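In what follows, a structure is listed as structure tokens, so that the remarks can point back to it.
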Amino acid sequence: MKRLLVTGCNGQLGRAVNEMYKNRSDIELVNTDVFEGEGIRSMDISDIDNVLKVVNEVKPYAIINCAAHTNVDGCEKDVDNAYKINAIGPRNLSIASKAEGAKLVHISTDYIFEGNGTRPYIEFDLPNPQGVYGKTKLEGEKFVKQFTDKFFIIRTAWLYGDGKNFVRTMLRLSETNDEVRVVDDQIGSPTSAAVLADIIDKLVWTDNYGTFHGTCEGQCSWAEFTEEIFRIKGIDTKVKKITSEEYEAMYPAAAKRPSYSVLDNYMLRLTAGYVAKDWKEAIKEYLGE
């Protein structure tokens with residue numbers, strides 16, 4: 001039986017990983033998070049001694065790091081914590097996985113790029129993060145490469161799953177509004193946590209190590225994404241397309257959002273022949289239609 005240690009098991013991706021493996025008798029999941037709970041072991045990834053102790057006791061085949069400080073504006077205000085979770089955490093997991101001979105799956109982000117591209121970013125494009133979130137996630141990637149060699153870094157974007165996310169926010173707003181204002185000049189690839197979990201599964205059992213992009217295929221704006229959500233659910237609420245500048249005037253944010261951060265799953269196609277689901281197909285499945 002292969003044992004997988006999952007960090008951040010209560011998050012959207014952690015839950016998707018659990019859902020994917022729930023009926024697999026050949027796999028044992030060891031779920032960890034900052035706080036202990038039923039079936040959840042306490043592990044603070046920013047504490048090197050704690051990480052070494054838990055990983056040594058569990059002796060996993062692989063660690064799947066779903067833990068992250070993903071509040072983009074929060075990272076700007078809480079820089080130390082952002083570095084502890086997004087950079088020091090992956091460093092500690094890398095050191096521990098190397099010591100135990102375990103593989104490490106680490107999730108990164110489109111925010112490591114400048115976000116003003118004109119074509120989808122591939123894994124060989126140079127990172128240039130513009131905010132604390134992107135900078136800390138990039139440092140996490142560097143630590144992984146520095147401290148272990150059996151790693152899969154998977155960069156994803158616009159993630160939604162079981163938990164608080166953009167899709168659920170739009171559905172909630174549609175219940176009490178005839179019209180919602182949504183940004184139309186930020187372009188990305190909405191990605192289902194179930195699709196990302198499948199990408200993890202396609203890589204973790206192999207020795208195809210390295211850095212990968214892992215998103216749904218295709219691209220759209222936040223407004224177009226919202227329109228598709230409402231179309232699938234048969235919701236009449238109108239989507240009013242606005243600019244980032246207009247949104248910023250209404251809701252000032254601490255961090256700048258990428259205007260174009262579409263990721264091309266170039267390495268997955270090239271090395272694994274893997275093509276992810278289109279974002280429209282994935283959101284349809286997520287909404288149960």
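Residues are named by chain letter and number: chains run A, B, ... in the order of the structure tokens, numbers start at 1 in each chain, and ligands are numbered from 1 in the order shown.
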Nearby residues (only C-alpha atoms) at most 12 Å from Gly11 in chain A, same-chain spacing under 2 positions excluded, as an MDAnalysis selection string: chainID A and resid 6:9 13:18 31:34 65:70 159:165 193
So that I can check the secondary structure, give me every residue of range 21-227 of chain A assigned strand (DSSP E or B) by backbone DSSP, as a ChimeraX atom specification. /A:27-33,37,40-42,62-65,103-109,116,121,151-156,159-160,179-183,187-188,191-192,210-213,217,220-221
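What separates CA of Val72 in chain A from CA of Glu285 in chain A is a distance of 27.2 Å.
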Report as a short mmCIF file (atom, residue, chain, number, x, y, z; two decimals) with N, CA and C atoms, in the first residue's frame all protein, DNA and RNA residues lying within 10 Å of range 85-98 of chain A, evaluated on only C-alpha atoms, omitting residues in the same chain fewer than 5 positions from it.
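Final output, around11.cif:
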data_model
loop_
_atom_site.label_atom_id
_atom_site.label_comp_id
_atom_site.auth_asym_id
_atom_site.auth_seq_id
_atom_site.Cartn_x
_atom_site.Cartn_y
_atom_site.Cartn_z
N THR A 7 -0.89 17.82 2.79
CA THR A 7 -0.92 19.02 3.64
C THR A 7 -2.07 19.91 3.18
N ASP A 44 2.37 21.80 11.20
CA ASP A 44 2.63 23.18 10.78
C ASP A 44 3.81 23.15 9.81
N ILE A 45 3.54 23.36 8.52
CA ILE A 45 4.62 23.23 7.53
C ILE A 45 5.71 24.27 7.69
N SER A 46 5.42 25.35 8.45
CA SER A 46 6.45 26.38 8.65
C SER A 46 7.40 26.04 9.80
N ASP A 47 7.14 24.93 10.49
CA ASP A 47 7.97 24.49 11.62
C ASP A 47 8.78 23.27 11.17
N ILE A 48 10.06 23.47 10.93
CA ILE A 48 10.93 22.42 10.39
C ILE A 48 10.97 21.18 11.28
N ASP A 49 11.05 21.36 12.60
CA ASP A 49 11.12 20.21 13.51
C ASP A 49 9.83 19.40 13.47
N ASN A 50 8.71 20.11 13.45
CA ASN A 50 7.40 19.45 13.37
C ASN A 50 7.28 18.65 12.07
N VAL A 51 7.69 19.25 10.97
CA VAL A 51 7.61 18.58 9.66
C VAL A 51 8.49 17.34 9.63
N LEU A 52 9.73 17.47 10.07
CA LEU A 52 10.66 16.33 10.08
C LEU A 52 10.13 15.18 10.92
N LYS A 53 9.54 15.52 12.08
CA LYS A 53 9.01 14.51 12.99
C LYS A 53 7.84 13.75 12.34
N VAL A 54 6.87 14.49 11.79
CA VAL A 54 5.68 13.86 11.21
C VAL A 54 6.06 13.02 9.98
N VAL A 55 6.87 13.58 9.10
CA VAL A 55 7.24 12.87 7.87
C VAL A 55 8.05 11.61 8.21
N ASN A 56 8.90 11.70 9.21
CA ASN A 56 9.69 10.55 9.63
C ASN A 56 8.79 9.44 10.18
N LYS A 59 6.45 8.22 7.00
CA LYS A 59 7.23 7.60 5.93
C LYS A 59 6.40 7.45 4.63
N PRO A 60 5.98 8.58 4.07
CA PRO A 60 5.10 8.52 2.90
C PRO A 60 5.83 8.17 1.60
N TYR A 61 5.08 7.64 0.67
CA TYR A 61 5.58 7.45 -0.70
C TYR A 61 5.75 8.82 -1.33
N ALA A 62 4.79 9.72 -1.05
CA ALA A 62 4.85 11.08 -1.59
C ALA A 62 4.13 12.05 -0.67
N ILE A 63 4.57 13.29 -0.68
CA ILE A 63 3.89 14.38 0.01
C ILE A 63 3.21 15.23 -1.05
N ILE A 64 1.92 15.50 -0.85
CA ILE A 64 1.19 16.39 -1.77
C ILE A 64 0.91 17.68 -1.01
N ASN A 65 1.61 18.74 -1.37
CA ASN A 65 1.51 20.00 -0.64
C ASN A 65 0.40 20.88 -1.19
N ALA A 67 -1.10 23.04 0.91
CA ALA A 67 -1.16 24.17 1.85
C ALA A 67 -0.55 25.41 1.24
N ALA A 68 -1.21 26.55 1.43
CA ALA A 68 -0.68 27.82 0.91
C ALA A 68 -1.42 28.99 1.53
N HIS A 69 -0.75 30.13 1.55
CA HIS A 69 -1.38 31.40 1.93
C HIS A 69 -1.87 31.99 0.61
N THR A 70 -3.15 31.76 0.26
CA THR A 70 -3.66 32.14 -1.06
C THR A 70 -4.44 33.45 -1.08
N CYS A 75 -1.61 38.64 1.70
CA CYS A 75 -0.15 38.48 1.63
C CYS A 75 0.57 39.83 1.65
N ASP A 80 5.37 38.42 6.44
CA ASP A 80 6.11 37.37 7.15
C ASP A 80 5.38 36.02 7.08
N LYS A 103 8.68 11.37 -2.66
CA LYS A 103 8.44 12.35 -3.72
C LYS A 103 7.69 13.54 -3.13
N LEU A 104 7.81 14.70 -3.78
CA LEU A 104 7.09 15.88 -3.34
C LEU A 104 6.33 16.49 -4.50
N VAL A 105 5.01 16.66 -4.30
CA VAL A 105 4.18 17.40 -5.26
C VAL A 105 3.90 18.75 -4.63
N HIS A 106 4.34 19.81 -5.30
CA HIS A 106 4.16 21.15 -4.76
C HIS A 106 3.35 21.99 -5.73
N ILE A 107 2.32 22.67 -5.22
CA ILE A 107 1.42 23.46 -6.07
C ILE A 107 1.85 24.93 -6.06
N SER A 108 2.05 25.48 -7.25
CA SER A 108 2.41 26.88 -7.39
C SER A 108 1.33 27.60 -8.20
N TYR A 133 2.37 37.72 -2.91
CA TYR A 133 1.90 36.34 -3.13
C TYR A 133 2.77 35.64 -4.17
N GLY A 134 2.90 36.25 -5.34
CA GLY A 134 3.70 35.66 -6.41
C GLY A 134 5.16 35.48 -6.02
N LYS A 135 5.71 36.48 -5.33
CA LYS A 135 7.13 36.42 -4.92
C LYS A 135 7.37 35.28 -3.94
N THR A 136 6.46 35.12 -2.98
CA THR A 136 6.65 34.06 -1.98
C THR A 136 6.46 32.67 -2.61
N LYS A 137 5.52 32.56 -3.54
CA LYS A 137 5.31 31.28 -4.22
C LYS A 137 6.51 30.92 -5.09
N LEU A 138 7.12 31.93 -5.71
CA LEU A 138 8.31 31.66 -6.52
C LEU A 138 9.47 31.22 -5.64
N GLU A 139 9.63 31.84 -4.48
CA GLU A 139 10.69 31.42 -3.56
C GLU A 139 10.44 29.98 -3.09
N GLY A 140 9.17 29.62 -2.92
CA GLY A 140 8.84 28.24 -2.56
C GLY A 140 9.30 27.27 -3.64
N GLU A 141 9.08 27.63 -4.90
CA GLU A 141 9.55 26.80 -6.02
C GLU A 141 11.07 26.63 -5.97
N LYS A 142 11.76 27.73 -5.72
CA LYS A 142 13.23 27.69 -5.68
C LYS A 142 13.73 26.78 -4.57
N PHE A 143 13.09 26.85 -3.40
CA PHE A 143 13.48 25.99 -2.28
C PHE A 143 13.27 24.52 -2.61
N VAL A 144 12.16 24.21 -3.27
CA VAL A 144 11.88 22.82 -3.64
C VAL A 144 13.01 22.28 -4.52
N LYS A 145 13.40 23.08 -5.52
CA LYS A 145 14.48 22.66 -6.43
C LYS A 145 15.82 22.55 -5.71
N GLN A 146 15.99 23.37 -4.69
CA GLN A 146 17.27 23.41 -3.96
C GLN A 146 17.44 22.23 -3.01
N PHE A 147 16.34 21.81 -2.37
CA PHE A 147 16.47 20.86 -1.26
C PHE A 147 16.03 19.43 -1.56
N THR A 148 15.43 19.19 -2.72
CA THR A 148 15.09 17.81 -3.07
C THR A 148 15.20 17.63 -4.57
N ASP A 149 15.21 16.38 -5.02
CA ASP A 149 15.33 16.15 -6.46
C ASP A 149 14.15 15.36 -7.03
N LYS A 150 13.37 14.71 -6.16
CA LYS A 150 12.20 13.96 -6.63
C LYS A 150 10.95 14.82 -6.44
N PHE A 151 10.80 15.83 -7.31
CA PHE A 151 9.71 16.79 -7.12
C PHE A 151 8.91 17.01 -8.40
#
Name the residues of range 14-188 of chain A that come out as alpha helix (DSSP H) in a backbone DSSP run; write them as a ChimeraX atom specification. /A:14-21,48-58,72-77,79-83,89-100,132-147,166-176
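With only C-alpha atoms as the atoms that count, the minimum distance from Pro129 in chain A to the choices A:Val195, A:Arg41, A:Arg257, A:Met267 is reached by A:Arg257.
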